[in-house]
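Below: the structure, in structure tokens.
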Amino acid sequence: MRSLVGLLAVTCALLFLAGAASAETVEVAPGVQVTKKTYSGPSHEQPFFGFAVKDSAQQAADEKFVKAMLEAVGTREKAFEETTKRGWRAVTKGNASEAAQRFNQAWLLAPEQSGVYHGFAVIAQMRFRDNDFADEMFRVARKQPNPLKSLNADYGKMLLIARRPREAQEVLEQAVKDTPDFRDAWTNLAWARLQNGDAAAACAAADEAVKQRPSGNANTDLTAVRSSAQCK
């Protein structure tokens, strides 16, 4: 029996290693490797254009886009800023397909920038419900240049959605330092603390949230967490 159990354990370990080894990675910027993940739907509506191999016409279209943006705004930095602004506006409107297209364009302009991976993380979670890939993108975004102040707030929210409250709390503790006037960050921190068994600390975060600027769903979420934590 022991030998059979041992054999099964070894087999499972080998299968696990084989699965891990089969995950293909792709360099998407100098020194940046990510897992090659593809989804159903048009390639331009997926992160990194769905890792599709482009033909000469598609490559020419990409070059034409970059050239047009540089001529319109003057610098690659300004072109990147304008493109990502359009991406975030699409996210706010709930238009994930347009947002993905904009962040793909931003990738063409400046593949090393944090905002590219931040945007793709949101798209992965928002449209494809792929928390693992979203987590990977957030981790890359935190290492890349010029991260948005909202990066940790968005990452912490994703970790809560993925039911990983302990990791979420750690990220959200930093988020409220990055964006101390962002009510959603405080509210999500309150949820994380509550799920981690600290109702008093959850109420403290909720009290801080009350003082900050609200977003669309902030008041409903805040009321719910205060009720759940039995805040005074």
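Convention: chains lettered A, B, ... in structure tokens order; per-chain residue numbering from 1; ligands numbered from 1 as shown.
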
Near range 202-215 of chain A, within 7 Å and counting only C-alpha atoms, which residues show up once chain neighbours fewer than 3 positions away are dropped, as a JSON list (two decimals) with N, CA and C atoms, in the first residue's frame?
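out_39.json written:
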[["chain", "number", "residue", "atom", "x", "y", "z"],
["A", 181, "ASP", "N", -7.61, 59.79, -0.44],
["A", 181, "ASP", "CA", -8.93, 60.42, -0.59],
["A", 181, "ASP", "C", -9.88, 59.59, -1.45],
["A", 182, "PHE", "N", -9.54, 58.33, -1.71],
["A", 182, "PHE", "CA", -10.35, 57.47, -2.56],
["A", 182, "PHE", "C", -11.22, 56.58, -1.68],
["A", 183, "ARG", "N", -12.52, 56.87, -1.65],
["A", 183, "ARG", "CA", -13.42, 56.16, -0.75],
["A", 183, "ARG", "C", -13.47, 54.65, -1.04],
["A", 186, "TRP", "N", -10.74, 52.67, 0.72],
["A", 186, "TRP", "CA", -11.00, 52.50, 2.15],
["A", 186, "TRP", "C", -12.12, 51.48, 2.38],
["A", 187, "THR", "N", -13.16, 51.55, 1.56],
["A", 187, "THR", "CA", -14.28, 50.61, 1.70],
["A", 187, "THR", "C", -13.83, 49.18, 1.44],
["A", 189, "LEU", "N", -10.81, 48.08, 1.75],
["A", 189, "LEU", "CA", -9.95, 47.70, 2.87],
["A", 189, "LEU", "C", -10.79, 47.26, 4.06],
["A", 190, "ALA", "N", -11.90, 47.96, 4.29],
["A", 190, "ALA", "CA", -12.81, 47.57, 5.38],
["A", 190, "ALA", "C", -13.33, 46.15, 5.15],
["A", 191, "TRP", "N", -13.72, 45.83, 3.91],
["A", 191, "TRP", "CA", -14.19, 44.48, 3.61],
["A", 191, "TRP", "C", -13.08, 43.45, 3.85],
["A", 193, "ARG", "N", -10.44, 43.64, 5.84],
["A", 193, "ARG", "CA", -10.20, 43.49, 7.28],
["A", 193, "ARG", "C", -11.30, 42.67, 7.94],
["A", 194, "LEU", "N", -12.55, 42.92, 7.54],
["A", 194, "LEU", "CA", -13.67, 42.18, 8.11],
["A", 194, "LEU", "C", -13.56, 40.70, 7.77],
["A", 198, "ASP", "N", -11.15, 41.01, 11.61],
["A", 198, "ASP", "CA", -10.87, 42.18, 12.45],
["A", 198, "ASP", "C", -11.95, 43.23, 12.22],
["A", 199, "ALA", "N", -13.08, 43.07, 12.91],
["A", 199, "ALA", "CA", -14.22, 43.97, 12.74],
["A", 199, "ALA", "C", -13.91, 45.39, 13.18],
["A", 218, "ALA", "N", -20.20, 53.60, -4.03],
["A", 218, "ALA", "CA", -19.49, 53.67, -2.75],
["A", 218, "ALA", "C", -20.45, 53.67, -1.56],
["A", 219, "ASN", "N", -21.52, 54.43, -1.64],
["A", 219, "ASN", "CA", -22.41, 54.54, -0.49],
["A", 219, "ASN", "C", -23.08, 53.22, -0.17],
["A", 222, "LEU", "N", -20.45, 50.87, 1.29],
["A", 222, "LEU", "CA", -20.05, 51.32, 2.62],
["A", 222, "LEU", "C", -21.11, 50.99, 3.66],
["A", 226, "ARG", "N", -20.45, 48.42, 6.86],
["A", 226, "ARG", "CA", -20.67, 48.91, 8.24],
["A", 226, "ARG", "C", -21.71, 48.05, 8.95],
["A", 229, "ALA", "N", -20.07, 44.62, 9.78],
["A", 229, "ALA", "CA", -19.08, 44.73, 10.86],
["A", 229, "ALA", "C", -19.69, 45.23, 12.17],
["A", 231, "CYS", "N", -20.66, 48.25, 12.92],
["A", 231, "CYS", "CA", -20.00, 49.51, 13.34],
["A", 231, "CYS", "C", -21.01, 50.40, 14.05]]

Exercise: Gln59 in chain A partners within 12 Å, only C-alpha atoms, chain neighbours under 6 positions left out, as a count of residues only: 6

Atom-to-atom span, CA of Ala100 in chain A and CA of Val116 in chain A, Å: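 So the two atoms, CA of Ala100 in chain A and CA of Val116 in chain A, lie 10.0 Å apart.
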
Selection: 12 Å around Glu45 in chain A, only C-alpha atoms, excl. self and same-chain fewer than 6 positions, as a list in words: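 My list of contacting residues is Thr38, Tyr39, Phe51, Ala52, Gly87, Asn95, Ala96, Ser97, Glu98, Ala99, Ala100, Gln101, Arg102, Phe103, Asn104, Gln105, Phe120, Ile123, Ala124, Arg127 and Phe128 of chain A.
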
Run DSSP on the backbone and grab whatever in range 2-155 of chain A lands in strand (DSSP E or B); send it over as a PyMOL selection string. chain A and resi 25-29+32-35

For Phe133 in chain A, which residue among A:Ala153, A:Arg89, A:Met158, A:Ala185 is the nearest when counting only C-alpha atoms?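 The closest residue to Phe133 in chain A is A:Met158.
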
Could you please determine the separation between CA of Gly115 in chain A and CA of Arg142 in chain A in Å, to one decimal place? 9.5 Å

Using only C-alpha atoms, which residue out of A:Leu70, A:Gln174, A:Asp62, A:Pro47 lies closest to Gly119 in chain A? A:Pro47

Take CA of Arg164 in chain A and CA of Ser150 in chain A and report the distance between them in Å, one decimal. 19.1 Å

DSSP-assigned helix (DSSP H, G or I) among range 9-112 of chain A, expressed as a PyMOL selection string: chain A and resi 9-22+43-45+47-51+56-73+76-92+96-109

Skip Ala23 in chain A itself and residues of its chain fewer than 6 positions away, then list as a list in words all residues within 10 Å of it, counting only C-alpha atoms.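 With the cut-off at 10 Å, the set is Val34, Thr35, Lys36 and Lys37 of chain A.
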
Let me make sure I understand: among A:Met126, A:Ala192, A:Leu159, A:Met137, which one has the smallest atom-to-atom distance to Gln113 in chain A if we use only C-alpha atoms?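 Of all the options, A:Met137 lies closest to Gln113 in chain A.
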